[in-house]
Structure formats: structure tokens, C-alpha cells
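Here's the structure, in C-alpha cells; my notes come after.
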Amino acid sequence: MSTTDLQPPDSEALARARAHNPQEKDSTAVLHNILGLLVDDNRRREKSLRRDVWFRRVSIGLLVGASLVGYYSFFKGLVGPGAGKTDGPTMAVVDVRGAIMPDSALASGEVVGAAITKAAKDPNVKRIVLYVESPGGAPVEAERIMQAVDNARATYKKPITAVIGNLGASAGYMVALSADEIVSGRYSLVGSIGAVIQSWQLTGLLDKLDVRAKSFASGELKTLLNPYEPPSAKAAAKAQELVDTLGGQFAQLVKDRRGDKLKRDIGTYTSGEVWNGEQALALGLVDATGTLESVAAAHPDLKVVDFSPRERKGLVGQLTGAVSSGIAQGLSGVVQNHSALSVQ
């Protein structure tokens with residue numbers, strides 16, 4: 001029933017009927033009131049229906065839009081190791097974050113090296129910044145990152161600055177050495193130059209349990225660092241020899257890369273200690289104190305773009321996460337209308 005079908009009776013006809021028949025007068029008034037209520041109710045229902053249809057359309061539109069944002073983020077993430085989209089003169093920032101290990105999703109030589117190479121190949125990138133936030137890690141992974149930096153400099157002629165955040169120690173500092181310039185915060189921790197080999201010794205626990213382990217090896221050093229047997233004097237000497245060799249290589253690298261900038265004898269730097277940013281500057285381990293923001297401010301003509309590696313979760317996981325994130329952002333917008341060997 002529409003509002004055009006329900007019209008109140010003619011008022012003059014009602015008046016004449018009431019004059020001739022008082023009882024009919026009361027009945028007509030009741031009927032008039034009922035018809036009026038029906039018309040009002042029908043109008044309210046139509047208005048409510050239009051409002052519900054509008055709300056559903058808006059909700060579906062928001063969900064579709066949020067999903068498109070998620071899909072876009074997902075497929076954009078498949079393009080390369082980082083965001084890395086430039087549209088003008090750019091300063092590319094590549095994070096070296098966390099332990100530098102081969103299985104690291106964010107700090108392995110493979111993923112960081114790929115991000116550096118991508119930035120170096122981009123003709124819009126005029127400068128590359130390595131943002132180091134790392135306690136150290138595997139020396140070979142650091143070496144791979146250094147090779148990527150050296151290649152970016154030699155092949156693509158890109159100047160490279162290393163900025164140390166809270167911590168640039170051990171292999172983290174080794175990576176920083178590959179840059180043309182090293183900048184650290186005044187309160188950064190820098191250094192820990194050297195090497196360490198670590199191994200558990202479980203022989204005391206096994207003795208308490210009355211358990212014995214026995215290895216049969218083709219060479220007397222084949223079971224080096226075996227935690228279930230006490231190390232022989234020769235094995236301990238060999239482990240120390242390895243550490244000394246690696247530490248010496250690291251020290252030579254510091255001498256080669258820092259050269260005349262070093263203020264002390266090399267033995268000062270190989271104690272394994274760390275220094276704050278101002279101490280590191282006085283010792284010649286860094287070239288200036290500052291932050292990522294101060295480096296960016298020194299080049300106002302360059303737009304800062306993140307080229308850092310991003311963790312991959314697999315096709316389904318990344319797609320689901322991206323869509324969920326997009327939907328969450330969309331809904332938020334409606335409501336309101338980011339044993340091991342290591343160099344240490």
C-alpha cells in the first residue's frame with residue numbers, strides 16, 4: 001500500500017454526515033484517525049527502508065574499497081624487496097635491522113643486498129642510506145652486504161652513508177664500514193670489534209646423570225666444539241686460533257676502511273668494548289654524530305623513500321594480512337570519519 005492509495009476522506013462530506021447521524025459521526029472520526037495512523041506508519045516504513053538500503057550500499061562500498069587497498073598493498077609487495085617507489089630525486093633508506101644471519105627475514109645478506117641493488121639501479125635515487133640497528137651476527141652475511149654496497153658505489157656511482165641507530169656493534173659496525181660516511185647518534189652504542197666462538201659444555205650435567213658420550217672421528221679436531229665431551233688442549237687451542245684469525249681480519253678491515261681517521265693504535269679498538277656516539281667520534285670510528293632525520297635534513301632536495309626489506313609471509317598469508325589490514329583501515333576511517341660463529 002503506498003501513500004497515494006491512502007487519502008483522508010473529504011472534510012465537507014464528513015461534516016454533513018456527522019450532522020445527520022451523530023453515531024456515524026463518531027465512527028467516521030475513528031476511521032479517520034485509523035487511516036491517518038496507517039498513512040503515517042506507511043511513510044515511516046518507507047523512510048526506514050530507504051535508510052537501510054542506503055546504509056547497506058555505503059557499507060558494501062567501504063568494504064570493497066578497503067579490500068582494493070589490501071589487494072593493492074599485497075601486489076605492490078610482490079614487486080621487490082621493499083617499497084622503493086620513486087617519482088623524483090630520492091634518498092633511498094635501507095634498514096639493516098636485527099641479527100645479521102642467513103635465516104633472517106630482514107637482515108640476511110641476500111635480502112639486504114637485493115634492497116641495496118634495487119636502490120642503486122633506480123635512476124631517481126641520488127643517495128643511499130644504510131640505517132644500521134644491529135648487535136652483530138654472521139660475518140659472511142655482513143660480507144655479502146658489504147659487497148652489495150661496494151658494487152652500488154662502483155657500478156652505479158651512488159654515494160652511501162651509514163647511520164647507526166641505537167646499536168651498531170660487531171657485524172653491524174662491519175656493515176657500516178662499507179659506507180662512504182658513518183654517522184651515529186650521540187647516544188648510540190658503537191664498536192664491539194672482534195670475534196667469538198661459543199659452544200655449550202654439558203659434560204658436568206651428563207656426569208650428574210651418569211651418562212657418557214663417546215665420539216669416533218677421522219681426525220682429532222673433527223669433534224671441535226662438541227658439547228658432550230670435554231675439549232682437548234689441542235681443540236681449545238684451535239678454537240682460540242680461529243677466533244684470533246677472525247678478530248685479526250676484522251681489525252685489518254677497520255684499519256683499511258677508516259685509515260688515518262683512527263686516533264689510536266689498533267689495539268685500542270679490538271678489546272671488544274663498545275663506545276657511545278661521541279666517544280666513537282673522538283676515536284675516529286664514525287665521521288659525525290647525527291640521526292637519520294639530520295641526514296635527510298642535510299639534503300632537502302631529496303625525497304626520503306624506504307627501500308628496506310620486508311618480511312614475506314607466503315602468498316596466502318600475505319594476501320590475507322593485506323586484505324585484513326585494508327579492511328581495518330577502512331573501518332577505522334568510518335569510525336573517525338605502521339653452536340654458532342659470530343663477529344662481535
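Chain labels follow the order of the C-alpha cells: the first chain is A, the next B, and so on; residue numbering restarts at 1 in every chain, and ligands are counted from 1 in their shown order.
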*asked:* Quick one: residues within 10 Å of Asp301 (chain A), only C-alpha atoms, excluding same-chain residues fewer than 3 positions away - as a list in words?
replied: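 Here the qualifying residues turn out to be Gly88, Pro89, Thr90, Met91, Ala296, Ala297, Ala298 and Val304 of chain A.
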Check which residues of region 203-290 of chain A sit at most 12 Å from region 125-140 of chain A using only C-alpha atoms, and return one row each with the closest pair of atoms and their distance in Å to one decimal, ordered by chain and rising number, as a tab-separated table.
residue	atom	partner	partner_atom	distance
A:Leu246	CA	A:Pro139	CA	9.0
A:Gly247	CA	A:Pro139	CA	10.7
A:Gln249	CA	A:Pro139	CA	10.6
A:Phe250	CA	A:Pro139	CA	9.3
A:Val274	CA	A:Pro135	CA	10.8
A:Gly290	CA	A:Tyr131	CA	12.0
Once you have the residues from the selection above, write them out as a PDB file, in the first residue's frame, restricted to N, CA and C atoms.
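Okay, selection-v1.pdb is ready:
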ATOM      1  N   LEU A 246      89.955 -14.544  12.917  1.00  0.00           N
ATOM      2  CA  LEU A 246      88.791 -13.739  12.534  1.00  0.00           C
ATOM      3  C   LEU A 246      88.867 -12.339  13.127  1.00  0.00           C
ATOM      4  N   GLY A 247      89.277 -12.267  14.384  1.00  0.00           N
ATOM      5  CA  GLY A 247      89.421 -10.958  15.016  1.00  0.00           C
ATOM      6  C   GLY A 247      90.466 -10.110  14.313  1.00  0.00           C
ATOM      7  N   GLN A 249      91.288 -10.311  11.137  1.00  0.00           N
ATOM      8  CA  GLN A 249      90.721  -9.870   9.860  1.00  0.00           C
ATOM      9  C   GLN A 249      89.803  -8.663  10.048  1.00  0.00           C
ATOM     10  N   PHE A 250      89.027  -8.706  11.112  1.00  0.00           N
ATOM     11  CA  PHE A 250      88.128  -7.580  11.416  1.00  0.00           C
ATOM     12  C   PHE A 250      88.957  -6.333  11.712  1.00  0.00           C
ATOM     13  N   VAL A 274      82.340  -1.436  23.587  1.00  0.00           N
ATOM     14  CA  VAL A 274      81.543  -0.518  22.786  1.00  0.00           C
ATOM     15  C   VAL A 274      81.682   0.880  23.366  1.00  0.00           C
ATOM     16  N   GLY A 290      74.786  12.288  14.551  1.00  0.00           N
ATOM     17  CA  GLY A 290      73.535  12.721  13.955  1.00  0.00           C
ATOM     18  C   GLY A 290      72.567  11.564  13.890  1.00  0.00           C
TER      19      GLY A 290
END
*Please run DSSP on the backbone and report, as a list in words, all residues within region 118-161 of chain A that come out as helix (DSSP H, G or I).*
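Checking each residue of region 118-161 of chain A, the helix (DSSP H, G or I) ones are Lys118, Ala119, Ala120, Lys121, Pro139, Val140, Glu141, Ala142, Glu143, Arg144, Ile145, Met146, Gln147, Ala148, Val149, Asp150, Asn151, Ala152, Arg153, Ala154, Thr155 and Tyr156 of chain A.
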Would you mind exporting N, CA and C atoms of the selected residues as a PDB file, in the first residue's frame?
ATOM      1  N   LYS A 118      68.569  -2.821  -5.723  1.00  0.00           N
ATOM      2  CA  LYS A 118      67.372  -2.208  -6.294  1.00  0.00           C
ATOM      3  C   LYS A 118      67.457  -0.687  -6.208  1.00  0.00           C
ATOM      4  N   ALA A 119      67.879  -0.183  -5.045  1.00  0.00           N
ATOM      5  CA  ALA A 119      68.008   1.264  -4.878  1.00  0.00           C
ATOM      6  C   ALA A 119      69.079   1.827  -5.807  1.00  0.00           C
ATOM      7  N   ALA A 120      70.185   1.106  -5.939  1.00  0.00           N
ATOM      8  CA  ALA A 120      71.282   1.599  -6.776  1.00  0.00           C
ATOM      9  C   ALA A 120      70.883   1.676  -8.245  1.00  0.00           C
ATOM     10  N   LYS A 121      70.050   0.748  -8.706  1.00  0.00           N
ATOM     11  CA  LYS A 121      69.643   0.715 -10.112  1.00  0.00           C
ATOM     12  C   LYS A 121      68.614   1.786 -10.451  1.00  0.00           C
ATOM     13  N   PRO A 139      79.581 -13.250  10.071  1.00  0.00           N
ATOM     14  CA  PRO A 139      80.476 -12.393   9.276  1.00  0.00           C
ATOM     15  C   PRO A 139      80.285 -12.532   7.775  1.00  0.00           C
ATOM     16  N   VAL A 140      79.928 -13.727   7.309  1.00  0.00           N
ATOM     17  CA  VAL A 140      79.743 -13.906   5.865  1.00  0.00           C
ATOM     18  C   VAL A 140      78.529 -13.112   5.375  1.00  0.00           C
ATOM     19  N   GLU A 141      77.466 -13.055   6.185  1.00  0.00           N
ATOM     20  CA  GLU A 141      76.295 -12.267   5.794  1.00  0.00           C
ATOM     21  C   GLU A 141      76.642 -10.781   5.738  1.00  0.00           C
ATOM     22  N   ALA A 142      77.437 -10.321   6.695  1.00  0.00           N
ATOM     23  CA  ALA A 142      77.891  -8.930   6.660  1.00  0.00           C
ATOM     24  C   ALA A 142      78.760  -8.687   5.431  1.00  0.00           C
ATOM     25  N   GLU A 143      79.582  -9.665   5.093  1.00  0.00           N
ATOM     26  CA  GLU A 143      80.436  -9.539   3.911  1.00  0.00           C
ATOM     27  C   GLU A 143      79.598  -9.409   2.630  1.00  0.00           C
ATOM     28  N   ARG A 144      78.525 -10.162   2.548  1.00  0.00           N
ATOM     29  CA  ARG A 144      77.644 -10.089   1.374  1.00  0.00           C
ATOM     30  C   ARG A 144      77.008  -8.697   1.246  1.00  0.00           C
ATOM     31  N   ILE A 145      76.609  -8.129   2.379  1.00  0.00           N
ATOM     32  CA  ILE A 145      76.035  -6.781   2.351  1.00  0.00           C
ATOM     33  C   ILE A 145      77.083  -5.766   1.920  1.00  0.00           C
ATOM     34  N   MET A 146      78.306  -5.926   2.436  1.00  0.00           N
ATOM     35  CA  MET A 146      79.385  -5.013   2.062  1.00  0.00           C
ATOM     36  C   MET A 146      79.678  -5.087   0.573  1.00  0.00           C
ATOM     37  N   GLN A 147      79.630  -6.282   0.014  1.00  0.00           N
ATOM     38  CA  GLN A 147      79.867  -6.419  -1.420  1.00  0.00           C
ATOM     39  C   GLN A 147      78.788  -5.712  -2.233  1.00  0.00           C
ATOM     40  N   ALA A 148      77.539  -5.782  -1.775  1.00  0.00           N
ATOM     41  CA  ALA A 148      76.453  -5.077  -2.461  1.00  0.00           C
ATOM     42  C   ALA A 148      76.670  -3.569  -2.404  1.00  0.00           C
ATOM     43  N   VAL A 149      77.144  -3.080  -1.268  1.00  0.00           N
ATOM     44  CA  VAL A 149      77.426  -1.648  -1.127  1.00  0.00           C
ATOM     45  C   VAL A 149      78.568  -1.238  -2.062  1.00  0.00           C
ATOM     46  N   ASP A 150      79.636  -2.020  -2.070  1.00  0.00           N
ATOM     47  CA  ASP A 150      80.776  -1.714  -2.938  1.00  0.00           C
ATOM     48  C   ASP A 150      80.356  -1.707  -4.410  1.00  0.00           C
ATOM     49  N   ASN A 151      79.476  -2.636  -4.791  1.00  0.00           N
ATOM     50  CA  ASN A 151      79.019  -2.704  -6.173  1.00  0.00           C
ATOM     51  C   ASN A 151      78.145  -1.495  -6.525  1.00  0.00           C
ATOM     52  N   ALA A 152      77.285  -1.089  -5.574  1.00  0.00           N
ATOM     53  CA  ALA A 152      76.429   0.093  -5.816  1.00  0.00           C
ATOM     54  C   ALA A 152      77.279   1.336  -6.020  1.00  0.00           C
ATOM     55  N   ARG A 153      78.364   1.426  -5.277  1.00  0.00           N
ATOM     56  CA  ARG A 153      79.246   2.587  -5.407  1.00  0.00           C
ATOM     57  C   ARG A 153      80.033   2.534  -6.726  1.00  0.00           C
ATOM     58  N   ALA A 154      80.601   1.368  -7.035  1.00  0.00           N
ATOM     59  CA  ALA A 154      81.469   1.262  -8.207  1.00  0.00           C
ATOM     60  C   ALA A 154      80.685   1.267  -9.517  1.00  0.00           C
ATOM     61  N   THR A 155      79.561   0.552  -9.548  1.00  0.00           N
ATOM     62  CA  THR A 155      78.821   0.385 -10.798  1.00  0.00           C
ATOM     63  C   THR A 155      77.855   1.523 -11.062  1.00  0.00           C
ATOM     64  N   TYR A 156      77.165   1.981 -10.018  1.00  0.00           N
ATOM     65  CA  TYR A 156      76.104   2.967 -10.209  1.00  0.00           C
ATOM     66  C   TYR A 156      76.464   4.352  -9.673  1.00  0.00           C
TER      67      TYR A 156
END
*asked:* Among region 135-343 of chain A, which ones does DSSP assign to strand (DSSP E or B) (computed from the backbone)? Answer as a VMD selection string.
replied: chain A and resid 137 160 to 169 181 to 184 189 to 191 196 to 198 274 to 276 288 to 289 303 to 306 340 to 343
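With only C-alpha atoms taken into account, the protein and nucleic acid residues at most 8 Å from region 251-261 of chain A (excluding it and anything under 6 positions from it in its own chain) are Leu177, Ser178, Ile193, Gly194, Tyr269, Thr270, Gly284 and Leu285 of chain A.
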Quick one: write out the picked residues with C-alpha atoms as a PDB file, in the first residue's frame?
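Generated output (part-v3.pdb):
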ATOM      1  CA  LEU A 177      82.381   0.330   7.426  1.00  0.00           C
ATOM      2  CA  SER A 178      81.386  -0.246   3.797  1.00  0.00           C
ATOM      3  CA  ILE A 193      85.138  -5.158  17.175  1.00  0.00           C
ATOM      4  CA  GLY A 194      86.359  -8.739  17.327  1.00  0.00           C
ATOM      5  CA  TYR A 269      89.689  -0.875  19.100  1.00  0.00           C
ATOM      6  CA  THR A 270      89.979  -4.668  19.330  1.00  0.00           C
ATOM      7  CA  GLY A 284      87.582   8.041  14.669  1.00  0.00           C
ATOM      8  CA  LEU A 285      85.135   5.155  14.361  1.00  0.00           C
TER       9      LEU A 285
END
_Separation of CA of Val53 (chain A) from CA of Ile34 (chain A), in Å and rounded to one decimal_ = 28.6 Å
_Neighbour list for region 186-190 of chain A as a VMD selection string, cut-off 7 Å, only C-alpha atoms, skip fewer than 2 positions in-chain_ = chain A and resid 164 to 169 173 184 192 274 to 278 280 289 to 290
*Would you mind listing what lies within 8 Å of Ala105 (chain A) as a list in words, with only C-alpha atoms counted and same-chain residues fewer than 5 positions away left out?*
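Answer for this query is Val111, Pro309, Arg310, Glu311 and Arg312 of chain A.
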